[in-house]
Each structure stands twice: as structure tokens, then as C-alpha cells.
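All remarks here apply to the structure that follows.
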Amino acid sequence: MARLPKPSELGLDHALPKKGWMDTSVDFRSGTWSHPARAKNLEAVGFLNGREWSPANHDWKLPANWKRIVFEGIRERLEKFRSLRIFMDVCVRCGACADKCHFYLGSGDPKNMPVLRSELLRSIYRGEFTLAGKIMGRLAGARKLTESVVKEWFYYFFQCTECRRCSVFCPFGIDTAEITMIARELLNLLGLNIDWIAGSVANCYHTGNHLGIQPHAFKDMIDFFVDEIEAVSGVRIEPSFNRKGAEVLFITPSGDVFADPGTYTMMGYLMLFHEIGLDYTLSTYASEGGNFGMFTSHEMMKRLNSKMYAEARRLGVKWMLGGECGHMWRAVNQYMDTMNGPADFLEVPKSPVTGTVFENASSTKMVHIVEFTADLIKNGKLKLHSGRNNNLVMTYHDSCNTSRGMGFFEEPRYVIKSVCNNFYEMPRETIREQTFCCGSGSGLNNDEFIEMRMRGGLPRANAVRFVQERHGVNALSCICAIDRSALTTLMDYWVPGVSVYGVHELVGNALVMQGETERKTDLRGEPLPGTEAVEDEDI
Amino acid sequence: MNFIISLMAVLALVVAAFLGIEAAGLSRVFGVAIPYAAFILLISGVVYRVLNWASSPVPFRIPTTAGQQKTLPWIKRDRFDNPCNKIEVLGRFIMEVLFFRSLFRNTRAEVDKGPTLYYQWEKWLWLGGLALHYSLLVIILRHLRFFAEPVPSFVPVLGGMDGFLQVGLPGIYVSDAVFMIAVTYLLLRRLIIPRIRYISIPADYLPLSLILAIGVTGILLRYFTRVDLLKVKQLAIGLINFQCVVPEGIGTLFYIHLFLVCTLIAYFPFSKLIHAGGIFFSPTMNLPNDSRMRRHVNPWDYPVEVQTYVEYEERFREKMIEAGLPVAKDIAAGGPAIYSLTKK
């Protein structure tokens, strides 16, 4: 792991280099780049040009015909994606996006301004694909493809979390996430990926989830949660796995099964399903809601995503329910049906408890757990004791993908306010469609990238610190598995004293279950508010 | 440096027109041939660009959502910022094209010691952009009086409104003043704000320098040299009707103005100015966020290699059985491929 300076020593300088951006090259400083993909992880899914190499070395061992690969890659994508053509052509460099990127704000590196990040690719497009660029060269902002350009691409397109914040401010809707996705596809053609993504992709393809949890281990972990839930609530629940004929297939990111504090969110789901008597099953084959394929190529996204519908069809369920996850929901909302649909073997989702028909999911047949729960609460189907969360002074982080790739703002707030009595919003410029990324999305949540993650997370952390100082906020909720992990590290670094919660962990805490014994602790095993006071009185 | 280059380029254009008229007497070239050529370039260039964009499909539905989506009926949704059908997309577009809604969101981030971030009010870019585009529109519409006979009735009305200030003679048009201020602001912004200066390339300064020069020459023509408008109209009408007459004595300044305009419109399709058309094709803006409700079809979709459940079970069957997970194929039975629910 790279050495991470203390917050006070981190240093933040927005001074611009003397030289123009085309004349500055990348400094591969430790802590600002991710380990390259190992050959075995690329080969595991049939990607080409896997090899052992390091960004720190001068020689990246590019394949001999690398230029041709890139040119043909660009040409093919220009023909396939209107988005790419438009985004290459229409930027006027007005600069509205410049200070909207968390990586720019946190690093001061001008090539992290979305406009320049895109220019890294756009300049090559102009120089190699447009007449004006070929003739005018630099005057038209064009340049030729060289090895150092490729190095720059690797560095900066793996310093973009595809959060789309810049796109909200762009007068033409230029979406750097789209450009980054396509640039990463190009890099991937050269075997230039990062291992945290490539490893997760290989795992997901072969074992069903990013973390490589095998079926028996997956079941073991759920069994462990069942014991934990019983210890807290006295209620024994019995989830089922790979069960044919269930009404609902529930899929959530594997981070919820494996990584704290996501595990508590998982417990929350299981408690809720038990309490409402949902006829559901978990799958070990489709045991990943997230999709790191998305950070590799559109094709890989489709390959990994295929398991969801395939498993729903095999098990003969009626509809699907998805857990709290960011990029999973961008994939489900904007790609899944197109890539692997039509889901005509499923029925339009209908809540068996409230009878609500989810018309908004009438084609994908997949409902977000938070909209499902919001509907339950709205219809008074849950008995909630929100006082159990009274020790938490809560704020809410809108995840990038559910915000700008979906528009999912009110449902989580409704649920949180139903189960928490103390809730404060962060400043308007940092929430909802203007929300700031955790700094670790799109496959960058790895240890060696730690300095850049803390820098990229600065704007988010700053907004949390604001409500911490003003309202005494000590808890940050979110609906994203990457967030749950990344924000925990980020808070420890910038805003100590703030813990991170999934929304369904809060639901699990507040949910009054039939036959439960008096709860002494929350799902984390920490004393419930009120119970400590009682103990004090006893003494 | 980038600005100097573009300024030199515009000066070169001015000098070329000046010499062309004054020294070479090429009034037919500058008055007829170049306008036609520029117009042909504009039309063919725009058509080429549009066809080029349209030739690439939109494989995925990727609107950028900036408001609450349509979900449960009791949740208030945001029709403008998260449209879910074509009518609402039209609404979003009107907000965007007529009012520059996205730019209106703009803020300025400042970093203080701590480090602490602040987000400041910043609507100047929005205002400058809006002022430039609307004043340009009014100016273009006012110029219709040269090209149409009879002049459409709205043109004098517009001119009257535009000139309501009645300062001096001829009266100063508000649009002229706004235009010059906006262009100057946008240019100074690029030159002075370090960040914007850093991202600017010559191709950003050239259009600004060019329209600034067009503005200056236009103002000189109208307010100072008092160009003979009848002659200008004679030329313009001739161009429209393909009966070219080049009246004597319009003045070199007019030809310089015209040449700069011709350069601008010829340059339009091959430069960033094409953003005016591109915005209509932007997939993050022109699509409804309805892909959970209605299936979007990718025209180039192709089958991909996937790991099937059968392959998965082949790999993990023993472990699954041991863990009590249901498997489709029963090993104990000797392995006939009967895929049924078998619970150990």
C-alpha cells in the first residue's frame, strides 16, 4: 500500500503548470495509480494482450501493432456510438465543467478537469480523424498518437470515476463517463487495465461475483448473518438459495455479503423480507449486483449482466428485486434490458404486500429495494421503531449512478426519514444531481490508489464535515456498496467520528419484527440508544 | 500566445479583404464569389456533419438525469430534468436551448486552507453566453432587411424595439451594445481566468476574435462611415436572386465586414461552432429516462460469450451439494442430465 500523507500534510495546489497541457507528461507517483491488470485475469475472460508490466517502468511492452489497434478501435466506436461522435465534436471549452470534478478539486491536476480529460482523447480524434486537425495541428487542438499519449490515457481515465457530475453542468450534456468508458475500452484492447477491475471481472465471470465467493462460502456467510440476526432480535429467519419457483429473485452487490459495513445492510434486507413474508430466493450463480465489466467494455458489461436474466429465467421467478448499489443500478436502468432483454419471461413487478404495480419497471422487471421499501412504509405495512436509531444524527450521500444515471432522490430520503429521527441534508451543491463522488467509484477502490481516493473524496468529506460541525452529524447513509466501503475509509481520513450506514441497515434496526425479543443492540452489536442510560441507572 | 495567433489570423483576413478591394479591385470576388462559396461550404458542411452524426446509432439509452425520476405515484417527479417521454424531452430541450439551463446551474468552487471547499454564485458565464446568443439572433434577424423585399413586417418592429434607447443618430441598437459587451466578456474571461486560459486553444479564440471583428466593422459601417444601405441591399438582393450586381462605391469597409462574415459561416461547420447543431443529437439530453419502462433496442447488438448456469454448476457441484445448495444435476444418480430441483 502506498504511503498516505496525513490530511494536514496532503497539500493541495491549484496552481497551473507553466507549460501547456500537451507539453506536460505524467508523473507516475505512488498513490495516484492502480496496479496494472495481471495477465491471468485478462486471459480468464478472453481479453487480449495481457502481460506483466508496470506503469512505473518506461517500457509498457505495448503490442507491436498498438497504433493500428487504437485507430481501428476509435473508428469502430465512432461508428457504433453517436455519443462519441457528438462528444468529440461539440465541446466549446467553456470551462463550466472545470471545477466540477472531485478529482480536480482534490488534486489540482489540470488534466483532471473534465474538459481536459476529454481533450486527451479529443486531440487524437482531431489529429488523426479530422481534416481540419490534420492540416491545422495544434492550432485546431490536434495532436498525434504517441506512446506518451497512451500513458496519459491510462493515468487519467483511471482517475475518473464515471460519476457524471460534469455532465450535469455541461450545456451540451457531454458526458465524461461515456468518454472514459470508451477510452477504457481502447486501453483494454492494449491489455492496459487495472487489476482491481480485471480481477473482479474474472471472478465475477467464473464464480458469479466480484469477490470470488464460491457457492458454499456464499451460503456460509448468509448463514452467519442469520445467526447474527437471531442474536440481535431473537428471530430466526430462513433464506433460500437457488430455489426454483420463488416469486422474486433478489440480487445485491457481493460487497453486501462480504465487506463491512455492507454486511449490516444485507442483514437489513433479510430481516425485511422475513418480516413481510416475501417469497424470494438468493442465487449463488447470479450473486453479484455490481458490474465491473462496465469499467472494462460494453461487451464485458453485457457478459456479466447476462447472469441476472438467465438466472431469473432458470428459476422461473416472476420478477427481480435489486439491492442498494450505485453502478449496478446505472447498468440495470440504462443497459440491462437493451443488452440482455427482453425479459418477456417475467411479469411486471407487483408488491405481494401492498399490491402496488411497479409500472416504472414494466420492461426490465427489476425493482430497486429502496422503492420497494418506500412503498411498504407508505402503505403502513411495516412496524417501525425509529427511536432505535436515535443515537444517529444522519445525513445522506446520493450515489453518483443512482442520481445522474437514474434520478433516484426521494425514495431513499423517504425511507431514511421514516426510520431515523435526526436527519440533516448536506449543502445543496453537494447532494442530489450535484452530488459528489466518494472518490473510489468505477473500480478505483483499491489500496494502492489511496492518496488519489482521499483527494477525490475531499469534496464529499468536506460537505460531511460541514454538517458535522453545524448539526453534530455522526452518521452518513448511502445506497451503494462501493460507498459503504469507500466512505468509511474517507470519513476516517477526513472526518473522524462519522460512521457509514446502508439505508436497509437503518431499516433493519428500526423494524419491529413479529416474535422478536427486546433488542439490546443494533445490528452492529452496539447498545441501542436508551439501553445504556438504563444500565447507568442500575449502577 | 493562442489569442495572438487567432488575432493575427483575423487581421490577415482584414488585410486580405482590404488589399483585394483597394489594390486588386476584386469587388466581384469579395461581393459575389466568396459569399456564394461560403454559403455552399456552410450548407454542405452542416449537412455533412448532421449526416455523419446521424450515421452512428444510439446503442444505449444514457440520459443524464438531473431530477427525480418517475416511480411511485406519490413521489413528485421532475419532468424537465428527468423526462420520461418525448414531450417531456422537448420540455428539457426548450429549457436547454432557449435558456441554457445547464449553464445556469454553474457554480464556482474555491479551495481554502484546511482544505475547505466553497461553492460560489457564478452566473456570469450563463449570462454572457445567453447575451451573446440572443443579441446575435436579433442582429441576424435585423439583417433580413437587406435580403428580403418586401421586408418582413417583424423586422422593422424588432429594429424599433431594439433601438428604443434613441441615443444619437442613427439610434444605437441595444443588441449591438449587448453583443459587443458579451463577446468582450467571453474573450476576457478566456484571457484572464487562469484555468480557462489553460484549457483554451487557438480554435477557441478564433471564433471570438472573428465575431468581435465582425461586430466592430458592423458598428463602424452603421454608426460612423454610414454605408449606403441601398447599395448594400442591391447587392444582397442580387445574391439572393442569382442576378449579381455589384454597385460601385459601397466602400472597402463593407467588403471587409462581408468577408469576415463569409469566413465565419464557412468555418462554422468545421469548428466548435457546430455545437449549435450538435446539442440536438446529444444522447444524454435528447432521450427520455424510460429504459426501465420501455425497451431500447441496440441496432448492433450481438451475442456474447457468457458463463451459463450449467457451466457454473459443473464447476461447483460437489461443493454446492456439500453445502446443501440445490443442484440441477444429481451426481448420486450417476449423472443423467436431469435438471430438476434436488435438495440434499
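In the C-alpha cells, chains take letters A, B, ... by order of appearance, with residues numbered from 1 within each chain and ligands from 1 in the order shown.
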
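Residues with any atom within 7 Å of stretch 2-18 of chain A, counting only C-alpha atoms and excluding same-chain neighbours fewer than 6 positions away, are Ser30, Gly31, Gly106, Ser107, Gly108, Pro110, Glu448, Ile450, Glu451, Tyr493 and Trp494 of chain A.
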
*Using only C-alpha atoms, determine which residues lie at most 7 Å from B:Ala182, disregarding the query and same-chain residues fewer than 5 positions distant; provide the list as an MDAnalysis selection string.*
chainID B and resid 128 131:132

Within 7 Å of stretch 61-77 of chain A, counting only C-alpha atoms, which residues show up once you throw out same-chain ones fewer than 5 positions away? Write them as a PDB file with N, CA, C and O atoms, in the first residue's frame, please.
ATOM      1  N   ASN A  49      -3.710  -9.365 -25.166  1.00  0.00           N
ATOM      2  CA  ASN A  49      -2.523  -8.560 -24.822  1.00  0.00           C
ATOM      3  C   ASN A  49      -2.243  -8.456 -23.322  1.00  0.00           C
ATOM      4  O   ASN A  49      -1.668  -7.472 -22.860  1.00  0.00           O
ATOM      5  N   TRP A  53       3.580  -6.007 -16.645  1.00  0.00           N
ATOM      6  CA  TRP A  53       4.150  -4.686 -16.929  1.00  0.00           C
ATOM      7  C   TRP A  53       3.841  -3.779 -15.760  1.00  0.00           C
ATOM      8  O   TRP A  53       3.026  -4.106 -14.908  1.00  0.00           O
ATOM      9  N   LEU A 186     -10.650   1.253 -25.225  1.00  0.00           N
ATOM     10  CA  LEU A 186      -9.474   1.337 -26.099  1.00  0.00           C
ATOM     11  C   LEU A 186      -8.233   0.834 -25.364  1.00  0.00           C
ATOM     12  O   LEU A 186      -7.439   0.061 -25.907  1.00  0.00           O
ATOM     13  N   LEU A 190      -5.411  -2.867 -25.562  1.00  0.00           N
ATOM     14  CA  LEU A 190      -3.946  -2.972 -25.473  1.00  0.00           C
ATOM     15  C   LEU A 190      -3.516  -3.734 -24.219  1.00  0.00           C
ATOM     16  O   LEU A 190      -2.336  -3.758 -23.877  1.00  0.00           O
TER      17      LEU A 190
END

*asked:* as a PyMOL selection string, please: every residue in stretch 52-287 of chain B that DSSP puts in alpha helix (DSSP H).
replied: chain B and resi 52-55+86-99+101-104+124-142+144-147+154-162+174-192+194-199+202-219+229-240+252-267+275-278

_Please return, as a VMD selection string, all residues of stretch 3-243 of chain B that DSSP assigns to strand (DSSP E) on the basis of the backbone._
chain B and resid 107 to 112 116 to 121

Near stretch 68-85 of chain B, within 6 Å and counting only C-alpha atoms, which residues show up once chain neighbours fewer than 2 positions away are dropped, as an mmCIF file with N, CA, C and O atoms, in the first residue's frame?
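Result went into selection01.cif, see below:
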data_model
loop_
_atom_site.group_PDB
_atom_site.id
_atom_site.type_symbol
_atom_site.label_atom_id
_atom_site.label_comp_id
_atom_site.auth_asym_id
_atom_site.auth_seq_id
_atom_site.Cartn_x
_atom_site.Cartn_y
_atom_site.Cartn_z
ATOM 1 N N ASN A 360 -43.060 1.596 -13.478
ATOM 2 C CA ASN A 360 -41.798 2.184 -13.942
ATOM 3 C C ASN A 360 -40.759 1.114 -14.263
ATOM 4 O O ASN A 360 -39.747 1.400 -14.863
ATOM 5 N N GLY A 407 -31.921 9.094 -11.353
ATOM 6 C CA GLY A 407 -32.785 10.136 -10.781
ATOM 7 C C GLY A 407 -33.528 9.622 -9.570
ATOM 8 O O GLY A 407 -34.739 9.755 -9.441
ATOM 9 N N PHE A 408 -32.782 9.036 -8.659
ATOM 10 C CA PHE A 408 -33.359 8.332 -7.509
ATOM 11 C C PHE A 408 -33.060 9.137 -6.251
ATOM 12 O O PHE A 408 -32.066 8.900 -5.580
ATOM 13 N N PHE A 409 -33.906 10.122 -5.964
ATOM 14 C CA PHE A 409 -33.587 11.040 -4.864
ATOM 15 C C PHE A 409 -34.562 10.951 -3.696
ATOM 16 O O PHE A 409 -34.160 10.997 -2.539
ATOM 17 N N THR B 65 -29.542 12.232 -15.811
ATOM 18 C CA THR B 65 -30.741 12.607 -15.070
ATOM 19 C C THR B 65 -30.362 13.623 -14.005
ATOM 20 O O THR B 65 -29.403 13.439 -13.267
ATOM 21 N N ALA B 66 -31.126 14.705 -13.952
ATOM 22 C CA ALA B 66 -30.801 15.765 -13.005
ATOM 23 C C ALA B 66 -31.998 16.123 -12.132
ATOM 24 O O ALA B 66 -32.078 17.206 -11.589
ATOM 25 N N ILE B 87 -42.489 14.180 -25.037
ATOM 26 C CA ILE B 87 -42.994 15.539 -24.769
ATOM 27 C C ILE B 87 -42.118 16.196 -23.703
ATOM 28 O O ILE B 87 -41.716 17.361 -23.816
ATOM 29 N N GLU B 88 -41.819 15.424 -22.663
ATOM 30 C CA GLU B 88 -41.015 15.987 -21.579
ATOM 31 C C GLU B 88 -39.578 16.254 -22.038
ATOM 32 O O GLU B 88 -38.947 17.203 -21.578
ATOM 33 N N VAL B 89 -39.084 15.405 -22.937
ATOM 34 C CA VAL B 89 -37.758 15.660 -23.505
ATOM 35 C C VAL B 89 -37.765 16.996 -24.238
ATOM 36 O O VAL B 89 -36.830 17.790 -24.127
ATOM 37 N N GLY B 91 -39.575 19.478 -23.521
ATOM 38 C CA GLY B 91 -39.523 20.483 -22.458
ATOM 39 C C GLY B 91 -38.106 20.718 -21.995
ATOM 40 O O GLY B 91 -37.658 21.858 -21.844
ATOM 41 N N ARG B 92 -37.378 19.630 -21.771
ATOM 42 C CA ARG B 92 -35.989 19.751 -21.339
ATOM 43 C C ARG B 92 -35.171 20.507 -22.381
ATOM 44 O O ARG B 92 -34.339 21.355 -22.052
ATOM 45 N N PRO B 288 -35.497 10.236 -23.348
ATOM 46 C CA PRO B 288 -36.193 10.135 -22.058
ATOM 47 C C PRO B 288 -35.546 9.058 -21.193
ATOM 48 O O PRO B 288 -34.953 8.116 -21.710
ATOM 49 N N ASN B 289 -35.638 9.239 -19.898
ATOM 50 C CA ASN B 289 -35.119 8.231 -18.965
ATOM 51 C C ASN B 289 -36.236 7.222 -18.712
ATOM 52 O O ASN B 289 -36.851 7.199 -17.669
ATOM 53 N N ASP B 290 -36.473 6.388 -19.704
ATOM 54 C CA ASP B 290 -37.616 5.469 -19.600
ATOM 55 C C ASP B 290 -37.220 4.027 -19.873
ATOM 56 O O ASP B 290 -38.041 3.191 -20.191
#

*Within 8 Å of stretch 142-149 of chain B using only C-alpha atoms, minus same-chain residues under 3 positions, as a ChimeraX atom specification*: /B:138-139,152,155-156,158-159,232-233,236-237,240

Store the residues of this selection in a file with C-alpha atoms, as an mmCIF file, in the first residue's frame.
data_model
loop_
_atom_site.group_PDB
_atom_site.id
_atom_site.type_symbol
_atom_site.label_atom_id
_atom_site.label_comp_id
_atom_site.auth_asym_id
_atom_site.auth_seq_id
_atom_site.Cartn_x
_atom_site.Cartn_y
_atom_site.Cartn_z
ATOM 1 C CA VAL B 138 -31.523 39.785 -33.058
ATOM 2 C CA ILE B 139 -28.699 41.107 -35.194
ATOM 3 C CA PRO B 152 -40.924 41.034 -43.364
ATOM 4 C CA VAL B 155 -38.043 43.186 -38.868
ATOM 5 C CA PRO B 156 -38.786 46.918 -38.507
ATOM 6 C CA LEU B 158 -37.761 44.314 -33.970
ATOM 7 C CA GLY B 159 -35.471 47.142 -35.065
ATOM 8 C CA VAL B 232 -25.846 47.055 -49.831
ATOM 9 C CA LYS B 233 -29.396 45.923 -50.309
ATOM 10 C CA ALA B 236 -27.791 41.349 -51.208
ATOM 11 C CA ILE B 237 -30.979 41.050 -53.239
ATOM 12 C CA ILE B 240 -30.441 36.006 -53.348
#

_Residues within 10 Å of A:Leu270, please, as number ranges by chain. Count only C-alpha atoms; anything in the same chain fewer than 3 positions from it doesn't count._
A: 222, 225-226, 229, 237-239, 264-267, 273-275, 278, 504, 508

B:Leu187 surroundings by only C-alpha atoms, 10 Å radius, close-in-sequence under 3 positions cut, as an mmCIF file with all heavy atoms, in the first residue's frame:
data_model
loop_
_atom_site.group_PDB
_atom_site.id
_atom_site.type_symbol
_atom_site.label_atom_id
_atom_site.label_comp_id
_atom_site.auth_asym_id
_atom_site.auth_seq_id
_atom_site.Cartn_x
_atom_site.Cartn_y
_atom_site.Cartn_z
ATOM 1 N N PHE B 3 -4.156 33.398 -28.262
ATOM 2 C CA PHE B 3 -5.013 34.517 -28.644
ATOM 3 C C PHE B 3 -4.340 35.332 -29.733
ATOM 4 O O PHE B 3 -4.975 35.747 -30.703
ATOM 5 C CB PHE B 3 -5.311 35.383 -27.422
ATOM 6 C CG PHE B 3 -6.024 36.655 -27.760
ATOM 7 C CD1 PHE B 3 -7.259 36.621 -28.407
ATOM 8 C CD2 PHE B 3 -5.467 37.886 -27.448
ATOM 9 C CE1 PHE B 3 -7.928 37.786 -28.733
ATOM 10 C CE2 PHE B 3 -6.140 39.058 -27.774
ATOM 11 C CZ PHE B 3 -7.359 39.017 -28.416
ATOM 12 N N ILE B 181 -20.451 43.786 -25.637
ATOM 13 C CA ILE B 181 -20.082 43.550 -24.230
ATOM 14 C C ILE B 181 -19.909 42.046 -23.983
ATOM 15 O O ILE B 181 -18.937 41.609 -23.364
ATOM 16 C CB ILE B 181 -21.164 44.136 -23.281
ATOM 17 C CG1 ILE B 181 -21.164 45.664 -23.390
ATOM 18 C CG2 ILE B 181 -20.934 43.698 -21.843
ATOM 19 C CD1 ILE B 181 -22.356 46.335 -22.724
ATOM 20 N N ALA B 182 -20.855 41.258 -24.509
ATOM 21 C CA ALA B 182 -20.810 39.815 -24.261
ATOM 22 C C ALA B 182 -19.565 39.186 -24.887
ATOM 23 O O ALA B 182 -18.869 38.389 -24.251
ATOM 24 C CB ALA B 182 -22.080 39.151 -24.801
ATOM 25 N N VAL B 183 -19.283 39.574 -26.123
ATOM 26 C CA VAL B 183 -18.107 38.998 -26.789
ATOM 27 C C VAL B 183 -16.835 39.400 -26.046
ATOM 28 O O VAL B 183 -15.951 38.564 -25.803
ATOM 29 C CB VAL B 183 -18.015 39.452 -28.263
ATOM 30 C CG1 VAL B 183 -16.735 38.923 -28.904
ATOM 31 C CG2 VAL B 183 -19.210 38.965 -29.050
ATOM 32 N N THR B 184 -16.787 40.645 -25.665
ATOM 33 C CA THR B 184 -15.600 41.113 -24.945
ATOM 34 C C THR B 184 -15.452 40.361 -23.620
ATOM 35 O O THR B 184 -14.363 39.929 -23.251
ATOM 36 C CB THR B 184 -15.703 42.630 -24.675
ATOM 37 O OG1 THR B 184 -16.004 43.268 -25.909
ATOM 38 C CG2 THR B 184 -14.410 43.180 -24.117
ATOM 39 N N ARG B 190 -11.604 34.234 -21.048
ATOM 40 C CA ARG B 190 -10.631 33.248 -21.517
ATOM 41 C C ARG B 190 -9.198 33.698 -21.259
ATOM 42 O O ARG B 190 -8.315 32.895 -20.997
ATOM 43 C CB ARG B 190 -10.786 33.009 -23.021
ATOM 44 C CG ARG B 190 -11.684 31.860 -23.319
ATOM 45 C CD ARG B 190 -11.598 31.368 -24.734
ATOM 46 N NE ARG B 190 -12.799 30.610 -25.035
ATOM 47 C CZ ARG B 190 -13.028 29.369 -24.614
ATOM 48 N NH1 ARG B 190 -12.125 28.734 -23.892
ATOM 49 N NH2 ARG B 190 -14.144 28.752 -24.896
ATOM 50 N N LEU B 191 -8.988 35.008 -21.375
ATOM 51 C CA LEU B 191 -7.622 35.515 -21.232
ATOM 52 C C LEU B 191 -7.216 35.684 -19.775
ATOM 53 O O LEU B 191 -6.044 35.519 -19.431
ATOM 54 C CB LEU B 191 -7.501 36.865 -21.950
ATOM 55 C CG LEU B 191 -7.503 36.779 -23.475
ATOM 56 C CD1 LEU B 191 -7.669 38.157 -24.076
ATOM 57 C CD2 LEU B 191 -6.223 36.115 -23.977
ATOM 58 N N ILE B 192 -8.181 36.003 -18.925
ATOM 59 C CA ILE B 192 -7.820 36.393 -17.560
ATOM 60 C C ILE B 192 -7.921 35.254 -16.558
ATOM 61 O O ILE B 192 -7.032 35.075 -15.725
ATOM 62 C CB ILE B 192 -8.689 37.599 -17.110
ATOM 63 C CG1 ILE B 192 -8.291 38.826 -17.928
ATOM 64 C CG2 ILE B 192 -8.511 37.859 -15.621
ATOM 65 C CD1 ILE B 192 -9.225 39.987 -17.789
ATOM 66 N N ARG B 197 -7.917 30.036 -19.376
ATOM 67 C CA ARG B 197 -6.824 30.312 -20.298
ATOM 68 C C ARG B 197 -6.055 29.025 -20.595
ATOM 69 O O ARG B 197 -5.655 28.757 -21.728
ATOM 70 C CB ARG B 197 -5.896 31.337 -19.629
ATOM 71 C CG ARG B 197 -4.834 31.907 -20.518
ATOM 72 C CD ARG B 197 -3.930 32.780 -19.644
ATOM 73 N NE ARG B 197 -2.702 33.078 -20.330
ATOM 74 C CZ ARG B 197 -2.497 34.225 -20.997
ATOM 75 N NH1 ARG B 197 -3.447 35.133 -21.026
ATOM 76 N NH2 ARG B 197 -1.359 34.431 -21.602
ATOM 77 N N ASP B 204 -10.365 28.271 -29.983
ATOM 78 C CA ASP B 204 -11.355 28.917 -29.122
ATOM 79 C C ASP B 204 -11.336 30.423 -29.278
ATOM 80 O O ASP B 204 -12.361 31.090 -29.153
ATOM 81 C CB ASP B 204 -11.091 28.578 -27.647
ATOM 82 C CG ASP B 204 -11.276 27.101 -27.368
ATOM 83 O OD1 ASP B 204 -12.252 26.526 -27.885
ATOM 84 O OD2 ASP B 204 -10.437 26.524 -26.652
ATOM 85 N N TYR B 205 -10.152 30.963 -29.527
ATOM 86 C CA TYR B 205 -10.032 32.418 -29.671
ATOM 87 C C TYR B 205 -10.465 32.888 -31.055
ATOM 88 O O TYR B 205 -10.942 33.993 -31.213
ATOM 89 C CB TYR B 205 -8.588 32.862 -29.412
ATOM 90 C CG TYR B 205 -8.149 32.677 -27.994
ATOM 91 C CD1 TYR B 205 -7.285 31.661 -27.632
ATOM 92 C CD2 TYR B 205 -8.611 33.538 -26.998
ATOM 93 C CE1 TYR B 205 -6.869 31.498 -26.318
ATOM 94 C CE2 TYR B 205 -8.220 33.380 -25.683
ATOM 95 C CZ TYR B 205 -7.343 32.360 -25.346
ATOM 96 O OH TYR B 205 -6.960 32.207 -24.050
ATOM 97 N N PRO B 207 -12.978 32.041 -33.214
ATOM 98 C CA PRO B 207 -14.370 32.478 -33.418
ATOM 99 C C PRO B 207 -14.679 33.766 -32.661
ATOM 100 O O PRO B 207 -15.370 34.647 -33.193
ATOM 101 C CB PRO B 207 -15.197 31.325 -32.857
ATOM 102 C CG PRO B 207 -14.287 30.152 -32.830
ATOM 103 C CD PRO B 207 -12.914 30.700 -32.626
ATOM 104 N N LEU B 208 -14.152 33.901 -31.453
ATOM 105 C CA LEU B 208 -14.412 35.118 -30.679
ATOM 106 C C LEU B 208 -13.779 36.329 -31.353
ATOM 107 O O LEU B 208 -14.414 37.381 -31.483
ATOM 108 C CB LEU B 208 -13.875 34.957 -29.253
ATOM 109 C CG LEU B 208 -14.727 34.102 -28.306
ATOM 110 C CD1 LEU B 208 -13.983 33.860 -27.004
ATOM 111 C CD2 LEU B 208 -16.067 34.779 -28.020
ATOM 112 N N SER B 209 -12.537 36.175 -31.792
ATOM 113 C CA SER B 209 -11.866 37.286 -32.468
ATOM 114 C C SER B 209 -12.614 37.655 -33.739
ATOM 115 O O SER B 209 -12.774 38.838 -34.075
ATOM 116 C CB SER B 209 -10.434 36.896 -32.838
ATOM 117 O OG SER B 209 -9.782 36.327 -31.744
ATOM 118 N N LEU B 212 -15.866 39.339 -32.985
ATOM 119 C CA LEU B 212 -15.561 40.677 -32.452
ATOM 120 C C LEU B 212 -15.239 41.627 -33.614
ATOM 121 O O LEU B 212 -15.741 42.749 -33.680
ATOM 122 C CB LEU B 212 -14.382 40.592 -31.482
ATOM 123 C CG LEU B 212 -14.092 41.851 -30.672
ATOM 124 C CD1 LEU B 212 -15.259 42.173 -29.749
ATOM 125 C CD2 LEU B 212 -12.816 41.688 -29.855
#

*Do you have the atom CA of A:Ile124-atom CA of A:Leu192 distance handy?*
18.0 Å

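Proximity ranking of B:Leu239, B:Pro194, B:Lys86, B:Phe224 relative to B:Arg28 places B:Leu239 first, based on only C-alpha atoms.
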
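Of the residues listed (B:Leu206, B:Ala276, B:Leu141, B:Ser44), B:Leu141 shows the shortest atom-to-atom separation from B:Ser153; distances use only C-alpha atoms.
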
_Measuring between only C-alpha atoms, which one of A:His206, A:Lys19, A:Arg117, A:Arg460 shows the shortest distance to B:Tyr118?_
A:Arg460
